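One file, target.txt, is given below (compact mmCIF, C-alpha atoms and all ligand atoms).
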# COMPACT_ATOMS: atom_id res chain seq x y z
CA MET A 1 -161.34 -71.52 123.62
CA TYR A 2 -163.67 -69.69 121.26
CA CYS A 3 -164.56 -66.08 121.76
CA ASP A 4 -168.30 -65.75 122.28
CA PHE A 5 -168.33 -62.34 120.63
CA GLN A 6 -168.22 -63.71 117.10
CA THR A 7 -171.57 -62.41 115.95
CA SER A 8 -172.75 -60.61 112.85
CA GLU A 9 -171.63 -57.38 114.53
CA LEU A 10 -168.13 -58.15 113.30
CA SER A 11 -169.38 -58.15 109.71
CA ALA A 12 -171.30 -54.95 110.28
CA TYR A 13 -168.16 -53.46 111.84
CA VAL A 14 -166.01 -54.42 108.85
CA ASP A 15 -168.64 -52.99 106.50
CA GLY A 16 -168.86 -49.71 108.40
CA GLU A 17 -172.53 -50.34 109.14
CA LEU A 18 -172.44 -49.85 112.93
CA SER A 19 -173.65 -46.74 114.68
CA GLY A 20 -171.21 -44.79 116.88
CA GLU A 21 -172.01 -46.44 120.22
CA LYS A 22 -171.92 -50.01 118.94
CA ARG A 23 -168.85 -49.38 116.85
CA LYS A 24 -166.96 -48.27 119.95
CA VAL A 25 -167.95 -51.44 121.82
CA VAL A 26 -166.78 -53.70 118.97
CA GLU A 27 -163.64 -51.63 118.48
CA HIS A 28 -162.79 -51.97 122.13
CA HIS A 29 -163.32 -55.73 122.11
CA VAL A 30 -161.39 -56.27 118.89
CA GLY A 31 -158.48 -54.31 120.38
CA GLN A 32 -158.21 -56.94 123.07
CA CYS A 33 -159.24 -60.15 121.29
CA ALA A 34 -156.85 -61.75 118.84
CA GLU A 35 -159.46 -64.27 117.76
CA CYS A 36 -161.88 -61.59 116.59
CA ARG A 37 -159.05 -59.77 114.84
CA GLU A 38 -158.40 -62.96 112.91
CA VAL A 39 -162.07 -63.27 111.95
CA ILE A 40 -161.94 -59.70 110.66
CA ARG A 41 -158.78 -60.47 108.69
CA ASP A 42 -160.49 -63.53 107.17
CA MET A 43 -163.44 -61.42 106.15
CA GLN A 44 -161.23 -58.87 104.48
CA GLN A 45 -159.51 -61.76 102.70
CA VAL A 46 -162.84 -63.17 101.55
CA HIS A 47 -163.77 -59.73 100.24
CA GLU A 48 -160.51 -59.41 98.30
CA TRP A 49 -160.86 -62.82 96.72
CA VAL A 50 -164.47 -62.56 95.68
CA LEU A 51 -163.78 -59.12 94.25
CA GLN A 52 -160.64 -60.11 92.36
CA THR A 53 -162.07 -63.36 91.06
CA LEU A 54 -165.33 -61.97 89.78
CA GLU A 55 -163.79 -58.78 88.43
CA ALA A 56 -161.64 -60.97 86.21
CA GLU A 57 -164.80 -62.28 84.52
CA VAL A 58 -165.66 -60.38 81.36
CA VAL A 59 -168.70 -60.92 79.21
CA SER A 60 -167.96 -62.08 75.65
CA THR A 61 -167.82 -59.39 73.00
CA ASP A 62 -170.79 -60.66 70.99
CA LEU A 63 -173.22 -60.15 73.87
CA GLN A 64 -173.71 -56.44 73.34
CA PRO A 65 -174.72 -56.74 69.66
CA ARG A 66 -177.04 -59.62 70.60
CA VAL A 67 -178.76 -57.57 73.29
CA LEU A 68 -179.02 -54.51 71.09
CA SER A 69 -180.49 -56.36 68.12
CA ALA A 70 -183.09 -58.01 70.36
CA VAL A 71 -183.99 -54.69 71.95
CA SER A 72 -184.03 -52.71 68.71
CA LEU A 73 -186.39 -55.31 67.24
CA MET A 74 -188.73 -54.61 70.15
CA HIS A 75 -188.13 -50.89 69.73
CA GLN A 76 -189.17 -51.15 66.09
CA SER A 77 -192.33 -53.07 66.89
CA VAL A 78 -193.24 -50.45 69.49
CA GLN A 79 -192.65 -47.72 66.91
CA ALA A 80 -194.73 -49.65 64.38
CA LYS A 81 -197.56 -49.96 66.89
CA ARG A 82 -197.43 -46.20 67.47
CA VAL A 83 -197.55 -45.52 63.74
CA LEU A 84 -200.54 -47.87 63.40
CA GLN A 85 -202.31 -46.09 66.24
CA LEU A 86 -201.65 -42.72 64.63
CA TYR A 87 -202.88 -44.06 61.30
CA THR A 88 -206.09 -45.43 62.86
CA TRP A 89 -206.86 -42.13 64.55
CA GLY A 90 -206.14 -40.27 61.32
CA LEU A 91 -208.61 -42.54 59.53
CA VAL A 92 -211.30 -41.90 62.15
CA VAL A 93 -210.82 -38.14 61.83
CA VAL A 94 -210.98 -38.27 58.02
CA PHE A 95 -214.12 -40.43 58.13
CA ALA A 96 -215.83 -38.03 60.57
CA ALA A 97 -214.89 -35.07 58.34
CA VAL A 98 -216.31 -36.77 55.24
CA VAL A 99 -219.60 -37.61 57.02
CA TRP A 100 -219.89 -34.04 58.30
CA GLY A 101 -219.15 -32.70 54.79
CA ILE A 102 -221.91 -34.84 53.23
CA LEU A 103 -224.45 -33.83 55.86
CA ALA A 104 -223.63 -30.15 55.38
CA SER A 105 -223.88 -30.33 51.55
CA PRO A 106 -227.15 -30.23 49.45
CA VAL A 107 -227.05 -34.04 49.32
CA GLY A 108 -227.22 -33.97 53.11
CA ARG A 109 -230.25 -31.66 52.93
CA LEU A 110 -231.97 -34.11 50.57
CA MET A 111 -231.13 -37.01 52.91
CA GLU A 112 -232.58 -35.03 55.77
CA VAL A 113 -235.83 -34.44 53.84
CA PHE A 114 -236.14 -38.16 53.08
CA PHE A 115 -235.38 -39.01 56.67
CA ARG A 116 -238.09 -36.64 57.96
CA LEU A 117 -240.50 -38.02 55.39
CA GLY A 118 -239.80 -41.55 56.62
CA VAL A 119 -240.23 -40.52 60.23
CA ALA A 120 -243.53 -38.76 59.44
CA ALA A 121 -244.81 -41.80 57.49
CA GLY A 122 -243.94 -44.14 60.35
CA HIS A 123 -245.54 -41.82 62.85
CA SER A 124 -248.80 -41.52 60.93
CA SER A 125 -248.97 -45.28 60.33
CA LEU A 126 -248.72 -45.82 64.08
CA ARG A 127 -251.50 -43.29 64.65
CA LEU A 128 -253.67 -44.99 62.02
CA LEU A 129 -253.17 -48.39 63.67
CA GLY A 130 -253.98 -46.84 67.03
CA ALA A 131 -257.19 -45.32 65.65
CA VAL A 132 -258.63 -48.45 63.98
CA GLY A 133 -258.19 -50.75 66.99
CA PHE A 134 -256.48 -54.13 67.52
CA THR A 135 -258.49 -56.36 65.17
CA TRP A 136 -258.23 -54.07 62.16
CA SER A 137 -254.57 -53.40 62.90
CA THR A 138 -253.92 -57.13 62.75
CA VAL A 139 -255.82 -57.44 59.49
CA ILE A 140 -253.95 -54.51 57.93
CA ILE A 141 -250.51 -55.82 59.04
CA VAL A 142 -251.17 -59.41 57.95
CA SER A 143 -252.57 -58.37 54.55
CA SER A 144 -249.59 -56.00 54.03
CA VAL A 145 -247.18 -58.81 54.80
CA VAL A 146 -249.03 -61.20 52.42
CA LEU A 147 -249.09 -58.53 49.70
CA CYS A 148 -245.39 -57.84 50.09
CA THR A 149 -244.55 -61.55 50.02
CA VAL A 150 -246.60 -62.11 46.85
CA CYS A 151 -244.90 -59.13 45.21
CA ALA A 152 -241.49 -60.37 46.22
CA ILE A 153 -242.17 -63.89 44.90
CA THR A 154 -243.46 -62.52 41.58
CA VAL A 155 -240.46 -60.27 41.11
CA PHE A 156 -238.13 -63.14 42.04
CA ARG A 157 -239.77 -65.47 39.44
CA MET A 158 -239.58 -62.82 36.76
CA LEU A 159 -235.89 -62.30 37.41
CA LYS A 160 -235.05 -66.02 37.53
CA PRO A 161 -233.75 -67.49 34.23
CA SER A 162 -236.63 -69.58 32.80
CA GLU A 163 -234.81 -72.88 32.13
CA VAL A 164 -237.73 -74.84 33.55
CA VAL A 165 -239.97 -73.70 30.70
CA LEU A 166 -237.57 -75.15 28.15
CA MET B 1 -173.45 -42.96 89.99
CA THR B 2 -172.02 -39.90 88.27
CA GLU B 3 -174.11 -37.09 86.79
CA ASP B 4 -173.26 -38.53 83.37
CA ASP B 5 -174.73 -41.88 84.36
CA ILE B 6 -177.94 -40.22 85.52
CA ARG B 7 -178.22 -38.21 82.33
CA LEU B 8 -177.63 -41.38 80.32
CA ILE B 9 -180.36 -43.28 82.13
CA LYS B 10 -182.82 -40.39 81.82
CA SER B 11 -182.13 -40.29 78.12
CA ALA B 12 -182.54 -44.08 77.75
CA LYS B 13 -185.79 -43.79 79.68
CA ARG B 14 -187.11 -41.39 77.06
CA GLY B 15 -186.47 -44.08 74.43
CA ASN B 16 -183.11 -42.91 73.09
CA MET B 17 -181.49 -46.06 71.65
CA ASP B 18 -177.97 -44.61 71.62
CA ALA B 19 -178.24 -43.90 75.33
CA PHE B 20 -179.59 -47.41 75.91
CA SER B 21 -176.68 -48.87 73.96
CA LYS B 22 -174.19 -46.88 76.05
CA MET B 23 -175.95 -48.05 79.20
CA VAL B 24 -175.62 -51.71 78.10
CA SER B 25 -171.95 -51.10 77.45
CA ASN B 26 -171.43 -49.54 80.90
CA TYR B 27 -173.37 -52.13 82.87
CA LYS B 28 -173.00 -55.39 80.93
CA ASN B 29 -170.19 -56.67 83.15
CA PHE B 30 -172.04 -55.57 86.27
CA VAL B 31 -174.96 -57.77 85.23
CA TYR B 32 -172.83 -60.57 83.84
CA ARG B 33 -170.62 -60.92 86.92
CA THR B 34 -173.65 -60.99 89.19
CA ALA B 35 -175.29 -63.69 87.10
CA TYR B 36 -172.03 -65.60 86.75
CA GLY B 37 -171.45 -65.53 90.49
CA ILE B 38 -174.90 -67.00 91.09
CA LEU B 39 -174.96 -69.54 88.23
CA ASN B 40 -171.25 -70.33 87.77
CA HIS B 41 -171.88 -71.04 84.10
CA LYS B 42 -170.71 -68.79 81.30
CA SER B 43 -173.36 -69.21 78.64
CA ASP B 44 -176.19 -69.32 81.19
CA ALA B 45 -174.89 -66.11 82.71
CA GLU B 46 -174.80 -64.52 79.24
CA ASP B 47 -178.36 -65.58 78.54
CA VAL B 48 -179.45 -64.13 81.87
CA THR B 49 -177.58 -60.92 81.02
CA GLN B 50 -179.44 -60.63 77.73
CA GLU B 51 -182.78 -61.37 79.41
CA THR B 52 -182.02 -58.78 82.07
CA PHE B 53 -181.36 -55.99 79.58
CA ILE B 54 -184.54 -56.83 77.70
CA LYS B 55 -186.46 -56.50 80.98
CA VAL B 56 -184.62 -53.26 81.68
CA TYR B 57 -185.72 -51.94 78.29
CA GLN B 58 -189.31 -52.91 79.01
CA SER B 59 -189.52 -51.51 82.52
CA LEU B 60 -187.07 -48.61 82.57
CA LYS B 61 -189.97 -46.15 82.39
CA GLY B 62 -191.15 -47.46 85.79
CA LEU B 63 -187.86 -46.47 87.48
CA ARG B 64 -188.73 -43.34 89.42
CA ASP B 65 -185.36 -42.29 90.84
CA GLU B 66 -182.42 -42.69 88.45
CA ARG B 67 -180.05 -42.63 91.42
CA THR B 68 -181.31 -46.07 92.49
CA PHE B 69 -180.50 -47.56 89.08
CA PRO B 70 -177.67 -49.89 90.26
CA SER B 71 -179.76 -51.52 92.99
CA TRP B 72 -182.78 -51.65 90.68
CA LEU B 73 -180.63 -53.36 88.03
CA ALA B 74 -179.14 -55.73 90.61
CA LYS B 75 -182.62 -56.68 91.77
CA ILE B 76 -183.72 -57.58 88.23
CA THR B 77 -180.49 -59.50 87.62
CA VAL B 78 -180.73 -61.50 90.84
CA ARG B 79 -184.36 -62.35 90.21
CA ASN B 80 -183.60 -63.42 86.63
CA ALA B 81 -180.61 -65.53 87.66
CA LEU B 82 -182.51 -67.28 90.46
CA ASP B 83 -185.49 -67.89 88.13
CA TRP B 84 -183.13 -69.27 85.53
CA ARG B 85 -181.64 -71.59 88.12
CA GLU B 86 -185.12 -72.84 89.03
CA ARG B 87 -186.02 -73.42 85.39
CA HIS B 88 -182.80 -75.20 84.46
CA ARG B 89 -182.18 -77.41 87.43
CA ARG B 90 -179.91 -79.59 85.33
CA HIS B 91 -177.05 -79.06 87.73
CA ARG B 92 -174.44 -78.08 85.22
CA THR B 93 -171.01 -77.05 86.31
CA GLU B 94 -168.53 -75.63 83.91
CA SER B 95 -165.23 -77.45 83.85
CA TYR B 96 -162.62 -75.51 85.71
CA GLU B 97 -160.18 -75.73 82.81
CA GLU B 98 -162.70 -73.98 80.62
CA SER B 99 -163.22 -71.34 83.25
CA LEU B 100 -159.48 -70.78 83.49
CA VAL B 101 -158.78 -70.72 79.79
CA SER B 102 -161.43 -68.10 79.26
CA SER B 103 -160.01 -65.77 81.86
CA GLY B 104 -157.16 -63.48 81.00
CA LEU B 105 -155.31 -64.35 84.17
CA ASN B 106 -152.06 -66.15 83.59
CA PRO B 107 -150.22 -66.38 86.91
CA HIS B 108 -150.66 -69.92 88.09
CA HIS B 109 -151.24 -68.99 91.70
CA GLN B 110 -154.11 -66.67 90.81
CA SER B 111 -155.71 -69.45 88.75
CA GLU B 112 -155.57 -71.81 91.69
CA ILE B 113 -157.30 -69.31 93.90
CA ARG B 114 -159.99 -68.83 91.28
CA MET B 115 -160.54 -72.55 91.03
CA ASP B 116 -160.75 -72.93 94.78
CA LEU B 117 -163.03 -69.97 95.15
CA TYR B 118 -165.51 -71.23 92.55
CA GLN B 119 -165.47 -74.67 94.10
CA ALA B 120 -166.07 -73.16 97.51
CA MET B 121 -168.78 -70.82 96.20
CA GLN B 122 -170.58 -73.78 94.66
CA ARG B 123 -170.93 -75.33 98.11
CA LEU B 124 -172.72 -72.26 99.40
CA GLY B 125 -176.47 -71.97 99.02
CA ALA B 126 -177.77 -69.62 96.34
CA ASP B 127 -178.91 -67.14 99.01
CA HIS B 128 -175.45 -66.93 100.51
CA ARG B 129 -173.75 -66.67 97.12
CA THR B 130 -176.09 -63.91 96.04
CA ILE B 131 -175.58 -61.74 99.10
CA LEU B 132 -171.81 -62.20 98.95
CA ILE B 133 -171.65 -61.07 95.34
CA LEU B 134 -173.88 -58.06 95.98
CA ARG B 135 -171.78 -56.91 98.90
CA GLU B 136 -168.22 -57.95 98.04
CA LEU B 137 -168.37 -57.22 94.34
CA HIS B 138 -170.79 -54.31 94.10
CA GLY B 139 -170.43 -52.90 97.61
CA PHE B 140 -174.14 -52.28 98.22
CA SER B 141 -174.99 -50.93 101.68
CA TYR B 142 -177.09 -53.00 104.08
CA ASP B 143 -180.13 -50.82 103.35
CA GLU B 144 -179.69 -51.36 99.63
CA LEU B 145 -179.21 -55.11 100.15
CA ALA B 146 -182.43 -55.18 102.18
CA GLU B 147 -184.20 -53.44 99.30
CA ILE B 148 -182.75 -55.70 96.61
CA LEU B 149 -183.36 -58.97 98.46
CA GLU B 150 -186.62 -57.82 100.10
CA LEU B 151 -185.35 -58.76 103.57
CA PRO B 152 -185.16 -56.94 106.89
CA VAL B 153 -181.78 -55.28 107.52
CA GLY B 154 -181.17 -57.60 110.50
CA THR B 155 -181.53 -60.65 108.26
CA VAL B 156 -179.19 -59.08 105.70
CA ARG B 157 -176.56 -58.58 108.37
CA SER B 158 -176.68 -62.10 109.77
CA ARG B 159 -176.98 -63.76 106.36
CA LEU B 160 -173.97 -61.88 105.05
CA HIS B 161 -171.99 -62.77 108.14
CA HIS B 162 -172.84 -66.47 107.86
CA ALA B 163 -172.09 -66.47 104.13
CA ARG B 164 -168.64 -65.03 104.82
CA LEU B 165 -167.90 -67.50 107.58
CA GLN B 166 -169.04 -70.39 105.43
CA LEU B 167 -166.98 -69.30 102.45
CA ARG B 168 -163.96 -68.90 104.67
CA ASP B 169 -164.46 -72.38 106.08
CA GLU B 170 -164.91 -73.88 102.63
CA LEU B 171 -161.74 -72.18 101.45
CA ASN B 172 -159.93 -73.44 104.55
CA ARG B 173 -161.03 -76.92 103.66
CA GLU B 174 -159.62 -76.39 100.17
CA GLY B 175 -156.37 -75.51 101.89
CA SER B 176 -156.04 -72.04 100.46
CA VAL B 177 -156.32 -69.79 103.45
ZN ZN C 201 -163.42 -61.81 120.40
Rewrite the coordinates I just gave you, this time as structure tokens.
Ligand SMILES: [Zn+2]
Amino acid sequence: MYCDFQTSELSAYVDGELSGEKRKVVEHHVGQCAECREVIRDMQQVHEWVLQTLEAEVVSTDLQPRVLSAVSLMHQSVQAKRVLQLYTWGLVVVFAAVVWGILASPVGRLMEVFFRLGVAAGHSSLRLLGAVGFTWSTVIIVSSVVLCTVCAITVFRMLKPSEVVL
Amino acid sequence: MTEDDIRLIKSAKRGNMDAFSKMVSNYKNFVYRTAYGILNHKSDAEDVTQETFIKVYQSLKGLRDERTFPSWLAKITVRNALDWRERHRRHRTESYEESLVSSGLNPHHQSEIRMDLYQAMQRLGADHRTILILRELHGFSYDELAEILELPVGTVRSRLHHARLQLRDELNREGSV
């Protein structure tokens, strides 16, 4: 005959995972039932064997150096990435400082004057085009473009080596 | 977990390589035995051990409570070993002679038990093997097992119980018990 008490409570009892009330119930039953006592003995035996067998397994000695070299390689690349980041930020700061320095110097003043001159010229051109109306604006723009193109072509021809003439 | 262990892990977390090295030294067999119990293959278990420590290095910063380090480490190891098993479904089993030669155990009787136990373990499902190793070898509590295996405590309890019964029966069949 099999005892119908053989549930997971026996495992929990062996493992000390039962609360007071339940532990007492199992304890009481186990005190009277030889079959359950045998199951508990088997479980303790299983525990001993698994523990002893696996504790006898030792990792080979070359594993630690292998792990450490793999990890330190990653460590180095992380460090390198950090250095690169630092370097990039340093470069940005230096660039900003140089730009600020130029703008604050007399050269910067001169650049500012030219910039304002350009802005003023653009502004007045727009006002001129607005004053003369659409047709004349078109004429002025088209003739400027033609003039510029002709100039560009002339300059280009002058600069080109004149092999064709020979 | 001693205070020294916690200090070591905190230090490794901050990127101290000496502390990390010491941690590998302290826990390499913990990881290796877990992987070996699941895979029953020496070089596979070593590869999983290496993989596990690389993952530990990458994700140690995410570990909030250093006190939970062993169960956190066990969780990574189990996941790695089971993934490895999925990836290499070649069904390799190490010859028992090899397994015996490599162990330092000489008494013949002990060797026989080892042989029987590995044979019996191989007949258990991976789930049962895993929970047995975590409990019998590392002694994790049911709450910790539930955390590691992402299972309800009730399932942990019944799975562990069935794993033990099955292992006992397999060993009985081997004629050892
Ligand atoms: Zn009973």
Check your understanding: Within 6 Å of ligand ZN 201 (chain C), counting all atoms listed in the file: which residues, as a list in words?
Key ->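 Checking all atoms listed in the file against ligand ZN 201 (chain C) at 6 Å gives Cys3, Phe5, Cys33, Glu35 and Cys36 of chain A.
If only C-alpha atoms are the atoms counted, then among B:Thr2, B:Asn172, B:Asn16, B:Ser158 the closest residue to chain A is B:Ser158.
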Practice item. Up to 7 Å from chain B, what residues of chain A turn up? Count all atoms listed in the file and give them as a VMD selection string. Key: chain A and resid 8 11 to 12 42 to 43 46 to 47 50 to 51 53 to 54 56 to 59 64 67 to 68 71
Exercise for review: Please indicate the distance in Å from CA of Trp84 (chain B) to CA of Leu39 (chain B), rounded to one decimal place.
Suggested key: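 Here the two named atoms are 8.6 Å from each other.
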Review point. How far is it from CA of Ala70 (chain A) to CA of Arg85 (chain B), in Å with one decimal?
Key: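 Going from CA of Ala70 (chain A) over to CA of Arg85 (chain B) covers 22.4 Å.
Taking only C-alpha atoms into account, Lys22 (chain A) lies nearest to A:Leu10 out of the set A:Leu63, A:Leu10, A:Val98, A:Val92.
Pairwise distance (CA of Ser11 (chain B), CA of Tyr27 (chain B)) equals 15.5 Å.
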Point to revise | Protein/DNA/RNA residues near (-246.4, -48.8, 55.0), cut 10 Å, all atoms listed in the file, as a ChimeraX atom specification | key: /A:118,121-122,124-126,140-141,144
Practice item. Please provide as number ranges by chain all residues within 7 Å of Ile9 (chain B), with the sequence filter that same-chain residues fewer than 4 positions apart are discarded (counting all atoms listed in the file). Key: B: 5, 13, 66
Practice item. Compare A:Gly31, A:Cys148, A:Val39, A:Asp62 by their minimum atom-to-atom distance to Thr7 (chain A), counting only C-alpha atoms, and give me the closest one. Key: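 Among the listed residues, the smallest separation from Thr7 (chain A) belongs to A:Val39.
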Could you complete region 14-24 of chain A so that it carries all heavy atoms, and give it back as a PDB file, keeping the file's coordinate frame?
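Below is the file that was written, rebuild.pdb:
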ATOM      1  N   VAL A  14    -166.888 -54.444 110.026  1.00  0.00           N
ATOM      2  CA  VAL A  14    -166.010 -54.420 108.850  1.00  0.00           C
ATOM      3  C   VAL A  14    -166.624 -53.582 107.740  1.00  0.00           C
ATOM      4  O   VAL A  14    -165.935 -52.847 107.033  1.00  0.00           O
ATOM      5  CB  VAL A  14    -165.760 -55.871 108.341  1.00  0.00           C
ATOM      6  CG1 VAL A  14    -165.032 -55.860 107.012  1.00  0.00           C
ATOM      7  CG2 VAL A  14    -164.959 -56.652 109.364  1.00  0.00           C
ATOM      8  N   ASP A  15    -167.951 -53.695 107.598  1.00  0.00           N
ATOM      9  CA  ASP A  15    -168.640 -52.990 106.500  1.00  0.00           C
ATOM     10  C   ASP A  15    -168.946 -51.530 106.824  1.00  0.00           C
ATOM     11  O   ASP A  15    -169.550 -50.839 106.011  1.00  0.00           O
ATOM     12  CB  ASP A  15    -169.945 -53.721 106.153  1.00  0.00           C
ATOM     13  CG  ASP A  15    -169.674 -55.091 105.550  1.00  0.00           C
ATOM     14  OD1 ASP A  15    -168.631 -55.241 104.898  1.00  0.00           O
ATOM     15  OD2 ASP A  15    -170.508 -56.001 105.739  1.00  0.00           O
ATOM     16  N   GLY A  16    -168.569 -51.093 108.024  1.00  0.00           N
ATOM     17  CA  GLY A  16    -168.860 -49.710 108.400  1.00  0.00           C
ATOM     18  C   GLY A  16    -170.343 -49.459 108.562  1.00  0.00           C
ATOM     19  O   GLY A  16    -170.838 -48.384 108.252  1.00  0.00           O
ATOM     20  N   GLU A  17    -171.075 -50.468 109.025  1.00  0.00           N
ATOM     21  CA  GLU A  17    -172.530 -50.340 109.140  1.00  0.00           C
ATOM     22  C   GLU A  17    -172.980 -50.263 110.604  1.00  0.00           C
ATOM     23  O   GLU A  17    -174.145 -50.497 110.911  1.00  0.00           O
ATOM     24  CB  GLU A  17    -173.222 -51.533 108.458  1.00  0.00           C
ATOM     25  CG  GLU A  17    -173.043 -51.564 106.950  1.00  0.00           C
ATOM     26  CD  GLU A  17    -174.154 -50.832 106.199  1.00  0.00           C
ATOM     27  OE1 GLU A  17    -175.112 -50.372 106.854  1.00  0.00           O
ATOM     28  OE2 GLU A  17    -174.052 -50.724 104.963  1.00  0.00           O
ATOM     29  N   LEU A  18    -172.040 -49.956 111.517  1.00  0.00           N
ATOM     30  CA  LEU A  18    -172.440 -49.850 112.930  1.00  0.00           C
ATOM     31  C   LEU A  18    -172.523 -48.381 113.336  1.00  0.00           C
ATOM     32  O   LEU A  18    -171.716 -47.557 112.910  1.00  0.00           O
ATOM     33  CB  LEU A  18    -171.407 -50.563 113.812  1.00  0.00           C
ATOM     34  CG  LEU A  18    -171.469 -52.078 113.878  1.00  0.00           C
ATOM     35  CD1 LEU A  18    -170.481 -52.582 114.919  1.00  0.00           C
ATOM     36  CD2 LEU A  18    -172.868 -52.579 114.205  1.00  0.00           C
ATOM     37  N   SER A  19    -173.514 -48.111 114.193  1.00  0.00           N
ATOM     38  CA  SER A  19    -173.650 -46.740 114.680  1.00  0.00           C
ATOM     39  C   SER A  19    -172.561 -46.472 115.733  1.00  0.00           C
ATOM     40  O   SER A  19    -171.967 -47.407 116.275  1.00  0.00           O
ATOM     41  CB  SER A  19    -175.028 -46.539 115.281  1.00  0.00           C
ATOM     42  OG  SER A  19    -175.209 -47.463 116.325  1.00  0.00           O
ATOM     43  N   GLY A  20    -172.311 -45.221 116.024  1.00  0.00           N
ATOM     44  CA  GLY A  20    -171.210 -44.790 116.880  1.00  0.00           C
ATOM     45  C   GLY A  20    -171.022 -45.600 118.155  1.00  0.00           C
ATOM     46  O   GLY A  20    -169.929 -46.107 118.413  1.00  0.00           O
ATOM     47  N   GLU A  21    -172.086 -45.751 118.938  1.00  0.00           N
ATOM     48  CA  GLU A  21    -172.010 -46.440 120.220  1.00  0.00           C
ATOM     49  C   GLU A  21    -171.527 -47.879 120.045  1.00  0.00           C
ATOM     50  O   GLU A  21    -170.556 -48.311 120.659  1.00  0.00           O
ATOM     51  CB  GLU A  21    -173.418 -46.454 120.848  1.00  0.00           C
ATOM     52  CG  GLU A  21    -173.611 -45.838 122.220  1.00  0.00           C
ATOM     53  CD  GLU A  21    -172.365 -45.423 122.981  1.00  0.00           C
ATOM     54  OE1 GLU A  21    -171.806 -44.327 122.795  1.00  0.00           O
ATOM     55  OE2 GLU A  21    -171.976 -46.236 123.837  1.00  0.00           O
ATOM     56  N   LYS A  22    -172.220 -48.590 119.139  1.00  0.00           N
ATOM     57  CA  LYS A  22    -171.920 -50.010 118.940  1.00  0.00           C
ATOM     58  C   LYS A  22    -170.530 -50.193 118.352  1.00  0.00           C
ATOM     59  O   LYS A  22    -169.828 -51.152 118.669  1.00  0.00           O
ATOM     60  CB  LYS A  22    -172.970 -50.642 118.016  1.00  0.00           C
ATOM     61  CG  LYS A  22    -174.267 -50.953 118.734  1.00  0.00           C
ATOM     62  CD  LYS A  22    -175.206 -51.734 117.844  1.00  0.00           C
ATOM     63  CE  LYS A  22    -176.438 -52.168 118.628  1.00  0.00           C
ATOM     64  NZ  LYS A  22    -177.503 -52.671 117.759  1.00  0.00           N
ATOM     65  N   ARG A  23    -170.159 -49.269 117.478  1.00  0.00           N
ATOM     66  CA  ARG A  23    -168.850 -49.380 116.850  1.00  0.00           C
ATOM     67  C   ARG A  23    -167.756 -49.327 117.924  1.00  0.00           C
ATOM     68  O   ARG A  23    -166.795 -50.072 117.889  1.00  0.00           O
ATOM     69  CB  ARG A  23    -168.669 -48.262 115.818  1.00  0.00           C
ATOM     70  CG  ARG A  23    -167.642 -48.637 114.745  1.00  0.00           C
ATOM     71  CD  ARG A  23    -167.334 -47.507 113.802  1.00  0.00           C
ATOM     72  NE  ARG A  23    -166.706 -46.391 114.474  1.00  0.00           N
ATOM     73  CZ  ARG A  23    -167.171 -45.147 114.457  1.00  0.00           C
ATOM     74  NH1 ARG A  23    -168.291 -44.871 113.818  1.00  0.00           N
ATOM     75  NH2 ARG A  23    -166.539 -44.185 115.101  1.00  0.00           N
ATOM     76  N   LYS A  24    -167.956 -48.425 118.881  1.00  0.00           N
ATOM     77  CA  LYS A  24    -166.960 -48.270 119.950  1.00  0.00           C
ATOM     78  C   LYS A  24    -166.825 -49.561 120.762  1.00  0.00           C
ATOM     79  O   LYS A  24    -165.715 -49.972 121.112  1.00  0.00           O
ATOM     80  CB  LYS A  24    -167.357 -47.115 120.865  1.00  0.00           C
ATOM     81  CG  LYS A  24    -166.766 -45.807 120.354  1.00  0.00           C
ATOM     82  CD  LYS A  24    -167.041 -44.653 121.294  1.00  0.00           C
ATOM     83  CE  LYS A  24    -166.780 -43.344 120.570  1.00  0.00           C
ATOM     84  NZ  LYS A  24    -167.749 -42.308 120.931  1.00  0.00           N
TER      85      LYS A  24
END
